[in-house]
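Some notes on the structure that comes next.
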Amino acid sequence: MHNAIKTTAATFAILLLALAGCSDDDNPSAPDGGSPLSFDYSFQSSNEGFSGAFTDYPKASEANLELQFERRKLPSGLDSTKYGLYLSGRNQPDDLFMFVKKKLSSADGLKANVVYKVSLEIQIATPEASGCMGAGGAPGEAQTMKAGAMVTEPKPVLKDGFYELNVQKGQQTTGGTDMEVIGHVGNDSGDCSGETWEYKTLKLEDFAVKTDGSAVLWLAAGTDSGYEGINYYYFTDFKVTLTPTDLDSLPGGGNK
């Protein structure tokens with residue numbers, strides 16, 4: 001009898017362990033204690049997996065827009081031994097959108113089918129002062145900075161001879177479901193010549209997005225411009241925090 005009791009107890013303990021294991025496996029996407037994932041990209045040794053793209057312009061005018069994206073040293077007036085991601089384009093279409101994007105996945109710690117709150121702290125270097133005049137709009141304030149996160153890779157698509165963005169960023173000074181307005185590129189230098197570079201920090205806070213079964217998210221940030229001149233600036237730092245939630249779905253539904 002004594003041995004039978006011991007055997008039964010051991011069997012029960014093994015059963016409890018098995019059930020506990022099954023509980024974890026049944027919900028592999030459950031947030032691990034709500035711990036956030038944090039990343040800081042400063043671009044000093046590489047592009048850190050970021051790439052650049054341009055939309056909202058006619059294909060026929062592309063050769064005249066002087067579109068550029070590259071990792072390059074910062075200009076004089078800043079620390080020219082350091083690097084940033086440089087974007088530039090001539091805004092002849094009066095609606096040029098130029099942006100950077102970055103893919104995050106399970107390799108970075110993301111889990112499938114989880115609602116994350118995404119916060120970004122983005123530092124740019126910009127030569128355009130606030131409060132100045134320019135064709136089509138102010139060189140600083142008319143370059144509206146937007147940022148967001150989405151499950152679909154943001155990229156230009158050609159439609160009827162015009163490049164459009166395949167996700168919802170809104171138009172110029174308004175945001176969309178995939179990207180929100182977080183400010184503009186105007187700095188505080190007061191120098192309307194456009195020759196004084198300054199750093200500026202812009203923030204996106206608690207932007208909710210849900211991963212799909214592939215556990216992939218795309219980050220994106222860039223300017224929707226009404227200033228009809230050469231638009232140019234650097235991304236110099238990109239801090240990211242992804243906080244998992246216990247929500248089953250986003251407010252209003254969808255994945256963003």
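Chain lettering (A, B, ...) mirrors the order of the structure tokens, residue numbering begins at 1 for each chain separately, and ligand numbering begins at 1 in order of display.
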
Contact check, stretch 202-256 of chain A to stretch 39-49 of chain A, at most 7 Å, counting only C-alpha atoms, closest pairs as CSV:
```
residue,atom,partner,partner_atom,distance
A:Thr236,CA,A:Ser42,CA,6.0
A:Asp237,CA,A:Ser42,CA,4.5
A:Phe238,CA,A:Tyr41,CA,5.1
A:Lys239,CA,A:Asp40,CA,4.4
A:Val240,CA,A:Phe39,CA,5.1
A:Thr241,CA,A:Phe39,CA,6.6
```

Problem - DSSP helix (DSSP H, G or I) residues within stretch 20-234 of chain A, listed as a PyMOL selection string - result: chain A and resi 20-26+59-64+106-108

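Proximity ranking of A:Glu128, A:Glu62, A:Asp95, A:Asp79 relative to A:Asp191 places A:Glu128 first, based on only C-alpha atoms.
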
Completion exercise
Using only C-alpha atoms, the shortest atom-to-atom distance to A:Lys73 among A:Tyr86, A:Gln168, A:Glu198, A:Pro139 belongs to A:Tyr86

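Proximity of A:Leu247, A:Ala135, A:Ile230, A:Ile182 to A:Glu66, computed with only C-alpha atoms, is greatest for A:Ile230.
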
Fill in the blank from the handout: Using only C-alpha atoms, the shortest atom-to-atom distance to A:Thr201 among A:Ala220, A:Ala129, A:Met145, A:Ile124 belongs to A:Ile124

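Note that atom CA of A:Gly89 and atom CA of A:Val216 are 29.5 Å apart.
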
Problem - Selection: 6 Å around stretch 206-213 of chain A, only C-alpha atoms, excl. self and same-chain fewer than 3 positions, as a VMD selection string - result: chain A and resid 112 to 119 216 255 to 256

Grab the residues selected above and save them as a compact mmCIF listing (two decimals), in the first residue's frame with C-alpha atoms.
```
# COMPACT_ATOMS: atom_id res chain seq x y z
CA ALA A 112 3.30 36.41 -33.08
CA ASN A 113 -0.24 37.76 -32.68
CA VAL A 114 0.60 40.16 -29.86
CA VAL A 115 -0.56 43.76 -29.51
CA TYR A 116 2.45 45.98 -28.81
CA LYS A 117 2.56 49.60 -27.79
CA VAL A 118 5.33 51.18 -29.84
CA SER A 119 7.23 54.25 -28.66
CA VAL A 216 6.96 40.83 -37.98
CA ASN A 255 -3.54 45.12 -37.41
CA LYS A 256 -2.80 48.72 -38.47
```

Would you please extract all strand (DSSP E or B) residues from stretch 119-193 of chain A, as assigned by DSSP on the backbone, and give them as a PDB file with all heavy atoms, in the first residue's frame?
```pdb
ATOM      1  N   SER A 119       6.782  52.888 -28.926  1.00  0.00           N
ATOM      2  CA  SER A 119       7.230  54.253 -28.662  1.00  0.00           C
ATOM      3  C   SER A 119       8.567  54.469 -29.370  1.00  0.00           C
ATOM      4  O   SER A 119       9.450  53.614 -29.317  1.00  0.00           O
ATOM      5  CB  SER A 119       7.388  54.509 -27.160  1.00  0.00           C
ATOM      6  OG  SER A 119       6.132  54.459 -26.505  1.00  0.00           O
ATOM      7  N   LEU A 120       8.678  55.596 -30.057  1.00  0.00           N
ATOM      8  CA  LEU A 120       9.893  55.950 -30.780  1.00  0.00           C
ATOM      9  C   LEU A 120      10.394  57.303 -30.291  1.00  0.00           C
ATOM     10  O   LEU A 120       9.606  58.224 -30.051  1.00  0.00           O
ATOM     11  CB  LEU A 120       9.638  56.039 -32.286  1.00  0.00           C
ATOM     12  CG  LEU A 120       9.010  54.836 -32.981  1.00  0.00           C
ATOM     13  CD1 LEU A 120       8.769  55.153 -34.462  1.00  0.00           C
ATOM     14  CD2 LEU A 120       9.886  53.616 -32.844  1.00  0.00           C
ATOM     15  N   GLU A 121      11.703  57.409 -30.125  1.00  0.00           N
ATOM     16  CA  GLU A 121      12.339  58.695 -29.864  1.00  0.00           C
ATOM     17  C   GLU A 121      13.367  58.898 -30.975  1.00  0.00           C
ATOM     18  O   GLU A 121      14.382  58.211 -31.030  1.00  0.00           O
ATOM     19  CB  GLU A 121      13.012  58.723 -28.492  1.00  0.00           C
ATOM     20  CG  GLU A 121      13.624  60.081 -28.157  1.00  0.00           C
ATOM     21  CD  GLU A 121      14.190  60.130 -26.759  1.00  0.00           C
ATOM     22  OE1 GLU A 121      13.457  59.774 -25.814  1.00  0.00           O
ATOM     23  OE2 GLU A 121      15.373  60.527 -26.616  1.00  0.00           O
ATOM     24  N   ILE A 122      13.064  59.822 -31.867  1.00  0.00           N
ATOM     25  CA  ILE A 122      13.832  59.985 -33.099  1.00  0.00           C
ATOM     26  C   ILE A 122      14.592  61.305 -33.056  1.00  0.00           C
ATOM     27  O   ILE A 122      13.994  62.368 -32.857  1.00  0.00           O
ATOM     28  CB  ILE A 122      12.897  59.961 -34.316  1.00  0.00           C
ATOM     29  CG1 ILE A 122      12.143  58.634 -34.385  1.00  0.00           C
ATOM     30  CG2 ILE A 122      13.673  60.215 -35.603  1.00  0.00           C
ATOM     31  CD1 ILE A 122      10.989  58.636 -35.355  1.00  0.00           C
ATOM     32  N   GLN A 123      15.894  61.228 -33.247  1.00  0.00           N
ATOM     33  CA  GLN A 123      16.694  62.449 -33.353  1.00  0.00           C
ATOM     34  C   GLN A 123      17.052  62.684 -34.821  1.00  0.00           C
ATOM     35  O   GLN A 123      17.494  61.771 -35.517  1.00  0.00           O
ATOM     36  CB  GLN A 123      17.978  62.352 -32.532  1.00  0.00           C
ATOM     37  CG  GLN A 123      18.776  63.661 -32.504  1.00  0.00           C
ATOM     38  CD  GLN A 123      20.125  63.485 -31.831  1.00  0.00           C
ATOM     39  OE1 GLN A 123      21.024  62.823 -32.336  1.00  0.00           O
ATOM     40  NE2 GLN A 123      20.261  64.082 -30.650  1.00  0.00           N
ATOM     41  N   ILE A 124      16.832  63.909 -35.283  1.00  0.00           N
ATOM     42  CA  ILE A 124      17.232  64.288 -36.629  1.00  0.00           C
ATOM     43  C   ILE A 124      18.221  65.446 -36.543  1.00  0.00           C
ATOM     44  O   ILE A 124      18.327  66.129 -35.515  1.00  0.00           O
ATOM     45  CB  ILE A 124      16.021  64.694 -37.497  1.00  0.00           C
ATOM     46  CG1 ILE A 124      15.320  65.943 -36.923  1.00  0.00           C
ATOM     47  CG2 ILE A 124      15.051  63.536 -37.640  1.00  0.00           C
ATOM     48  CD1 ILE A 124      14.252  66.513 -37.852  1.00  0.00           C
ATOM     49  N   ALA A 125      18.950  65.660 -37.619  1.00  0.00           N
ATOM     50  CA  ALA A 125      19.758  66.868 -37.789  1.00  0.00           C
ATOM     51  C   ALA A 125      19.164  67.634 -38.962  1.00  0.00           C
ATOM     52  O   ALA A 125      18.988  67.073 -40.054  1.00  0.00           O
ATOM     53  CB  ALA A 125      21.214  66.511 -38.062  1.00  0.00           C
ATOM     54  N   THR A 126      18.816  68.888 -38.739  1.00  0.00           N
ATOM     55  CA  THR A 126      18.096  69.666 -39.744  1.00  0.00           C
ATOM     56  C   THR A 126      18.669  71.081 -39.862  1.00  0.00           C
ATOM     57  O   THR A 126      18.999  71.709 -38.851  1.00  0.00           O
ATOM     58  CB  THR A 126      16.600  69.743 -39.409  1.00  0.00           C
ATOM     59  OG1 THR A 126      15.962  70.717 -40.250  1.00  0.00           O
ATOM     60  CG2 THR A 126      16.367  70.136 -37.954  1.00  0.00           C
ATOM     61  N   ALA A 129      15.282  76.411 -40.281  1.00  0.00           N
ATOM     62  CA  ALA A 129      14.786  77.098 -39.086  1.00  0.00           C
ATOM     63  C   ALA A 129      13.271  77.254 -39.135  1.00  0.00           C
ATOM     64  O   ALA A 129      12.685  77.388 -40.213  1.00  0.00           O
ATOM     65  CB  ALA A 129      15.439  78.463 -38.957  1.00  0.00           C
ATOM     66  N   GLN A 143       7.563  70.679 -43.699  1.00  0.00           N
ATOM     67  CA  GLN A 143       8.077  69.314 -43.801  1.00  0.00           C
ATOM     68  C   GLN A 143       7.586  68.557 -42.556  1.00  0.00           C
ATOM     69  O   GLN A 143       8.231  68.574 -41.510  1.00  0.00           O
ATOM     70  CB  GLN A 143       9.600  69.306 -43.889  1.00  0.00           C
ATOM     71  CG  GLN A 143      10.146  69.922 -45.169  1.00  0.00           C
ATOM     72  CD  GLN A 143      11.649  69.725 -45.290  1.00  0.00           C
ATOM     73  OE1 GLN A 143      12.140  68.594 -45.328  1.00  0.00           O
ATOM     74  NE2 GLN A 143      12.387  70.830 -45.349  1.00  0.00           N
ATOM     75  N   THR A 144       6.420  67.950 -42.685  1.00  0.00           N
ATOM     76  CA  THR A 144       5.759  67.278 -41.561  1.00  0.00           C
ATOM     77  C   THR A 144       6.362  65.903 -41.330  1.00  0.00           C
ATOM     78  O   THR A 144       6.360  65.056 -42.225  1.00  0.00           O
ATOM     79  CB  THR A 144       4.250  67.139 -41.834  1.00  0.00           C
ATOM     80  OG1 THR A 144       3.691  68.441 -42.057  1.00  0.00           O
ATOM     81  CG2 THR A 144       3.544  66.466 -40.669  1.00  0.00           C
ATOM     82  N   MET A 145       6.862  65.670 -40.119  1.00  0.00           N
ATOM     83  CA  MET A 145       7.440  64.368 -39.781  1.00  0.00           C
ATOM     84  C   MET A 145       6.359  63.438 -39.264  1.00  0.00           C
ATOM     85  O   MET A 145       5.567  63.802 -38.389  1.00  0.00           O
ATOM     86  CB  MET A 145       8.533  64.517 -38.730  1.00  0.00           C
ATOM     87  CG  MET A 145       9.255  63.225 -38.368  1.00  0.00           C
ATOM     88  SD  MET A 145      10.263  62.527 -39.698  1.00  0.00           S
ATOM     89  CE  MET A 145      11.628  63.711 -39.735  1.00  0.00           C
ATOM     90  N   LYS A 146       6.352  62.213 -39.814  1.00  0.00           N
ATOM     91  CA  LYS A 146       5.400  61.189 -39.410  1.00  0.00           C
ATOM     92  C   LYS A 146       6.151  59.923 -39.020  1.00  0.00           C
ATOM     93  O   LYS A 146       7.241  59.658 -39.532  1.00  0.00           O
ATOM     94  CB  LYS A 146       4.420  60.887 -40.548  1.00  0.00           C
ATOM     95  CG  LYS A 146       3.597  62.099 -40.956  1.00  0.00           C
ATOM     96  CD  LYS A 146       2.672  61.813 -42.120  1.00  0.00           C
ATOM     97  CE  LYS A 146       1.872  63.048 -42.478  1.00  0.00           C
ATOM     98  NZ  LYS A 146       0.937  62.802 -43.613  1.00  0.00           N
ATOM     99  N   ALA A 147       5.559  59.137 -38.148  1.00  0.00           N
ATOM    100  CA  ALA A 147       6.186  57.888 -37.725  1.00  0.00           C
ATOM    101  C   ALA A 147       5.104  56.888 -37.351  1.00  0.00           C
ATOM    102  O   ALA A 147       3.997  57.264 -36.961  1.00  0.00           O
ATOM    103  CB  ALA A 147       7.124  58.116 -36.548  1.00  0.00           C
ATOM    104  N   GLY A 148       5.451  55.603 -37.465  1.00  0.00           N
ATOM    105  CA  GLY A 148       4.489  54.584 -37.103  1.00  0.00           C
ATOM    106  C   GLY A 148       5.074  53.189 -37.191  1.00  0.00           C
ATOM    107  O   GLY A 148       6.278  53.002 -37.393  1.00  0.00           O
ATOM    108  N   ALA A 149       4.212  52.196 -37.004  1.00  0.00           N
ATOM    109  CA  ALA A 149       4.587  50.793 -37.078  1.00  0.00           C
ATOM    110  C   ALA A 149       3.451  50.036 -37.734  1.00  0.00           C
ATOM    111  O   ALA A 149       2.276  50.378 -37.560  1.00  0.00           O
ATOM    112  CB  ALA A 149       4.878  50.235 -35.694  1.00  0.00           C
ATOM    113  N   MET A 150       3.785  48.995 -38.489  1.00  0.00           N
ATOM    114  CA  MET A 150       2.787  48.284 -39.269  1.00  0.00           C
ATOM    115  C   MET A 150       3.285  46.874 -39.586  1.00  0.00           C
ATOM    116  O   MET A 150       4.482  46.593 -39.489  1.00  0.00           O
ATOM    117  CB  MET A 150       2.488  49.048 -40.559  1.00  0.00           C
ATOM    118  CG  MET A 150       3.710  49.245 -41.420  1.00  0.00           C
ATOM    119  SD  MET A 150       3.925  50.938 -42.082  1.00  0.00           S
ATOM    120  CE  MET A 150       4.262  51.900 -40.599  1.00  0.00           C
ATOM    121  N   PRO A 156       6.785  52.169 -52.010  1.00  0.00           N
ATOM    122  CA  PRO A 156       6.073  52.828 -53.098  1.00  0.00           C
ATOM    123  C   PRO A 156       5.472  51.822 -54.069  1.00  0.00           C
ATOM    124  O   PRO A 156       6.082  50.788 -54.364  1.00  0.00           O
ATOM    125  CB  PRO A 156       7.163  53.668 -53.778  1.00  0.00           C
ATOM    126  CG  PRO A 156       8.448  53.026 -53.402  1.00  0.00           C
ATOM    127  CD  PRO A 156       8.235  52.395 -52.068  1.00  0.00           C
ATOM    128  N   VAL A 157       4.272  52.131 -54.538  1.00  0.00           N
ATOM    129  CA  VAL A 157       3.637  51.315 -55.575  1.00  0.00           C
ATOM    130  C   VAL A 157       3.237  52.255 -56.715  1.00  0.00           C
ATOM    131  O   VAL A 157       2.771  53.376 -56.480  1.00  0.00           O
ATOM    132  CB  VAL A 157       2.410  50.550 -55.040  1.00  0.00           C
ATOM    133  CG1 VAL A 157       2.828  49.495 -54.050  1.00  0.00           C
ATOM    134  CG2 VAL A 157       1.404  51.503 -54.390  1.00  0.00           C
ATOM    135  N   LEU A 158       3.448  51.812 -57.940  1.00  0.00           N
ATOM    136  CA  LEU A 158       3.164  52.636 -59.119  1.00  0.00           C
ATOM    137  C   LEU A 158       1.725  52.430 -59.554  1.00  0.00           C
ATOM    138  O   LEU A 158       1.301  51.301 -59.825  1.00  0.00           O
ATOM    139  CB  LEU A 158       4.127  52.259 -60.246  1.00  0.00           C
ATOM    140  CG  LEU A 158       4.088  53.150 -61.495  1.00  0.00           C
ATOM    141  CD1 LEU A 158       4.455  54.588 -61.145  1.00  0.00           C
ATOM    142  CD2 LEU A 158       5.039  52.598 -62.561  1.00  0.00           C
ATOM    143  N   LYS A 159       0.966  53.524 -59.603  1.00  0.00           N
ATOM    144  CA  LYS A 159      -0.434  53.462 -60.002  1.00  0.00           C
ATOM    145  C   LYS A 159      -0.722  54.601 -60.970  1.00  0.00           C
ATOM    146  O   LYS A 159      -0.596  55.776 -60.606  1.00  0.00           O
ATOM    147  CB  LYS A 159      -1.339  53.555 -58.765  1.00  0.00           C
ATOM    148  CG  LYS A 159      -2.824  53.429 -59.090  1.00  0.00           C
ATOM    149  CD  LYS A 159      -3.663  53.490 -57.822  1.00  0.00           C
ATOM    150  CE  LYS A 159      -5.137  53.353 -58.128  1.00  0.00           C
ATOM    151  NZ  LYS A 159      -5.968  53.425 -56.895  1.00  0.00           N
ATOM    152  N   PHE A 162       1.985  57.152 -61.198  1.00  0.00           N
ATOM    153  CA  PHE A 162       2.264  57.932 -59.980  1.00  0.00           C
ATOM    154  C   PHE A 162       2.645  56.979 -58.864  1.00  0.00           C
ATOM    155  O   PHE A 162       1.985  55.965 -58.648  1.00  0.00           O
ATOM    156  CB  PHE A 162       1.026  58.743 -59.588  1.00  0.00           C
ATOM    157  CG  PHE A 162       1.275  59.787 -58.540  1.00  0.00           C
ATOM    158  CD1 PHE A 162       1.717  61.061 -58.879  1.00  0.00           C
ATOM    159  CD2 PHE A 162       1.050  59.507 -57.198  1.00  0.00           C
ATOM    160  CE1 PHE A 162       1.932  62.021 -57.919  1.00  0.00           C
ATOM    161  CE2 PHE A 162       1.275  60.464 -56.221  1.00  0.00           C
ATOM    162  CZ  PHE A 162       1.726  61.727 -56.594  1.00  0.00           C
ATOM    163  N   TYR A 163       3.727  57.305 -58.140  1.00  0.00           N
ATOM    164  CA  TYR A 163       4.138  56.482 -57.006  1.00  0.00           C
ATOM    165  C   TYR A 163       3.362  56.884 -55.752  1.00  0.00           C
ATOM    166  O   TYR A 163       3.376  58.051 -55.345  1.00  0.00           O
ATOM    167  CB  TYR A 163       5.636  56.634 -56.745  1.00  0.00           C
ATOM    168  CG  TYR A 163       6.501  55.850 -57.699  1.00  0.00           C
ATOM    169  CD1 TYR A 163       7.279  56.499 -58.656  1.00  0.00           C
ATOM    170  CD2 TYR A 163       6.533  54.454 -57.660  1.00  0.00           C
ATOM    171  CE1 TYR A 163       8.078  55.782 -59.541  1.00  0.00           C
ATOM    172  CE2 TYR A 163       7.324  53.723 -58.538  1.00  0.00           C
ATOM    173  CZ  TYR A 163       8.089  54.403 -59.475  1.00  0.00           C
ATOM    174  OH  TYR A 163       8.864  53.681 -60.351  1.00  0.00           O
ATOM    175  N   GLU A 164       2.682  55.900 -55.168  1.00  0.00           N
ATOM    176  CA  GLU A 164       1.945  56.101 -53.923  1.00  0.00           C
ATOM    177  C   GLU A 164       2.499  55.163 -52.861  1.00  0.00           C
ATOM    178  O   GLU A 164       3.127  54.147 -53.171  1.00  0.00           O
ATOM    179  CB  GLU A 164       0.452  55.797 -54.125  1.00  0.00           C
ATOM    180  CG  GLU A 164      -0.234  56.678 -55.139  1.00  0.00           C
ATOM    181  CD  GLU A 164      -1.695  56.298 -55.333  1.00  0.00           C
ATOM    182  OE1 GLU A 164      -2.107  55.228 -54.807  1.00  0.00           O
ATOM    183  OE2 GLU A 164      -2.422  57.052 -55.993  1.00  0.00           O
ATOM    184  N   LEU A 165       2.233  55.497 -51.587  1.00  0.00           N
ATOM    185  CA  LEU A 165       2.633  54.623 -50.494  1.00  0.00           C
ATOM    186  C   LEU A 165       1.547  53.585 -50.268  1.00  0.00           C
ATOM    187  O   LEU A 165       0.352  53.901 -50.324  1.00  0.00           O
ATOM    188  CB  LEU A 165       2.874  55.439 -49.221  1.00  0.00           C
ATOM    189  CG  LEU A 165       3.543  54.694 -48.061  1.00  0.00           C
ATOM    190  CD1 LEU A 165       4.954  54.248 -48.443  1.00  0.00           C
ATOM    191  CD2 LEU A 165       3.595  55.580 -46.816  1.00  0.00           C
ATOM    192  N   GLU A 180       1.556  58.452 -37.602  1.00  0.00           N
ATOM    193  CA  GLU A 180       1.024  59.653 -36.966  1.00  0.00           C
ATOM    194  C   GLU A 180       1.980  60.827 -37.145  1.00  0.00           C
ATOM    195  O   GLU A 180       3.193  60.643 -37.279  1.00  0.00           O
ATOM    196  CB  GLU A 180       0.810  59.411 -35.466  1.00  0.00           C
ATOM    197  CG  GLU A 180      -0.283  58.408 -35.149  1.00  0.00           C
ATOM    198  CD  GLU A 180      -0.501  58.250 -33.650  1.00  0.00           C
ATOM    199  OE1 GLU A 180       0.246  58.880 -32.860  1.00  0.00           O
ATOM    200  OE2 GLU A 180      -1.409  57.491 -33.268  1.00  0.00           O
ATOM    201  N   VAL A 181       1.429  62.028 -37.124  1.00  0.00           N
ATOM    202  CA  VAL A 181       2.244  63.244 -37.148  1.00  0.00           C
ATOM    203  C   VAL A 181       2.949  63.394 -35.803  1.00  0.00           C
ATOM    204  O   VAL A 181       2.307  63.326 -34.744  1.00  0.00           O
ATOM    205  CB  VAL A 181       1.374  64.485 -37.429  1.00  0.00           C
ATOM    206  CG1 VAL A 181       2.186  65.763 -37.261  1.00  0.00           C
ATOM    207  CG2 VAL A 181       0.770  64.408 -38.819  1.00  0.00           C
ATOM    208  N   ILE A 182       4.264  63.589 -35.833  1.00  0.00           N
ATOM    209  CA  ILE A 182       5.012  63.771 -34.580  1.00  0.00           C
ATOM    210  C   ILE A 182       5.752  65.112 -34.538  1.00  0.00           C
ATOM    211  O   ILE A 182       6.484  65.378 -33.597  1.00  0.00           O
ATOM    212  CB  ILE A 182       6.016  62.618 -34.346  1.00  0.00           C
ATOM    213  CG1 ILE A 182       7.033  62.509 -35.486  1.00  0.00           C
ATOM    214  CG2 ILE A 182       5.274  61.299 -34.172  1.00  0.00           C
ATOM    215  CD1 ILE A 182       8.170  61.528 -35.186  1.00  0.00           C
ATOM    216  N   GLY A 183       5.535  65.972 -35.543  1.00  0.00           N
ATOM    217  CA  GLY A 183       6.189  67.283 -35.536  1.00  0.00           C
ATOM    218  C   GLY A 183       6.621  67.696 -36.927  1.00  0.00           C
ATOM    219  O   GLY A 183       6.040  67.282 -37.935  1.00  0.00           O
ATOM    220  N   HIS A 184       7.674  68.504 -36.987  1.00  0.00           N
ATOM    221  CA  HIS A 184       8.215  68.974 -38.270  1.00  0.00           C
ATOM    222  C   HIS A 184       9.720  69.136 -38.126  1.00  0.00           C
ATOM    223  O   HIS A 184      10.282  68.951 -37.042  1.00  0.00           O
ATOM    224  CB  HIS A 184       7.548  70.283 -38.693  1.00  0.00           C
ATOM    225  CG  HIS A 184       7.654  71.392 -37.673  1.00  0.00           C
ATOM    226  ND1 HIS A 184       8.829  72.087 -37.430  1.00  0.00           N
ATOM    227  CD2 HIS A 184       6.737  71.913 -36.805  1.00  0.00           C
ATOM    228  CE1 HIS A 184       8.635  72.986 -36.493  1.00  0.00           C
ATOM    229  NE2 HIS A 184       7.364  72.894 -36.085  1.00  0.00           N
ATOM    230  N   ASN A 187      14.031  73.873 -36.938  1.00  0.00           N
ATOM    231  CA  ASN A 187      14.845  73.968 -35.726  1.00  0.00           C
ATOM    232  C   ASN A 187      14.710  75.352 -35.082  1.00  0.00           C
ATOM    233  O   ASN A 187      13.959  76.210 -35.560  1.00  0.00           O
ATOM    234  CB  ASN A 187      16.312  73.602 -36.012  1.00  0.00           C
ATOM    235  CG  ASN A 187      17.027  74.594 -36.927  1.00  0.00           C
ATOM    236  OD1 ASN A 187      16.788  75.807 -36.881  1.00  0.00           O
ATOM    237  ND2 ASN A 187      17.918  74.076 -37.769  1.00  0.00           N
TER     238      ASN A 187
END
```

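For the set A:Ala53, A:Ala142, A:Cys192, A:Leu110, the residue with the smallest atom-to-atom gap to A:Asp224 is A:Ala142, counting only C-alpha atoms.
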
Handout entry: Atom-to-atom span, atom CA of A:Ala60 and atom CA of A:Gly161, Å
Key = 7.4 Å
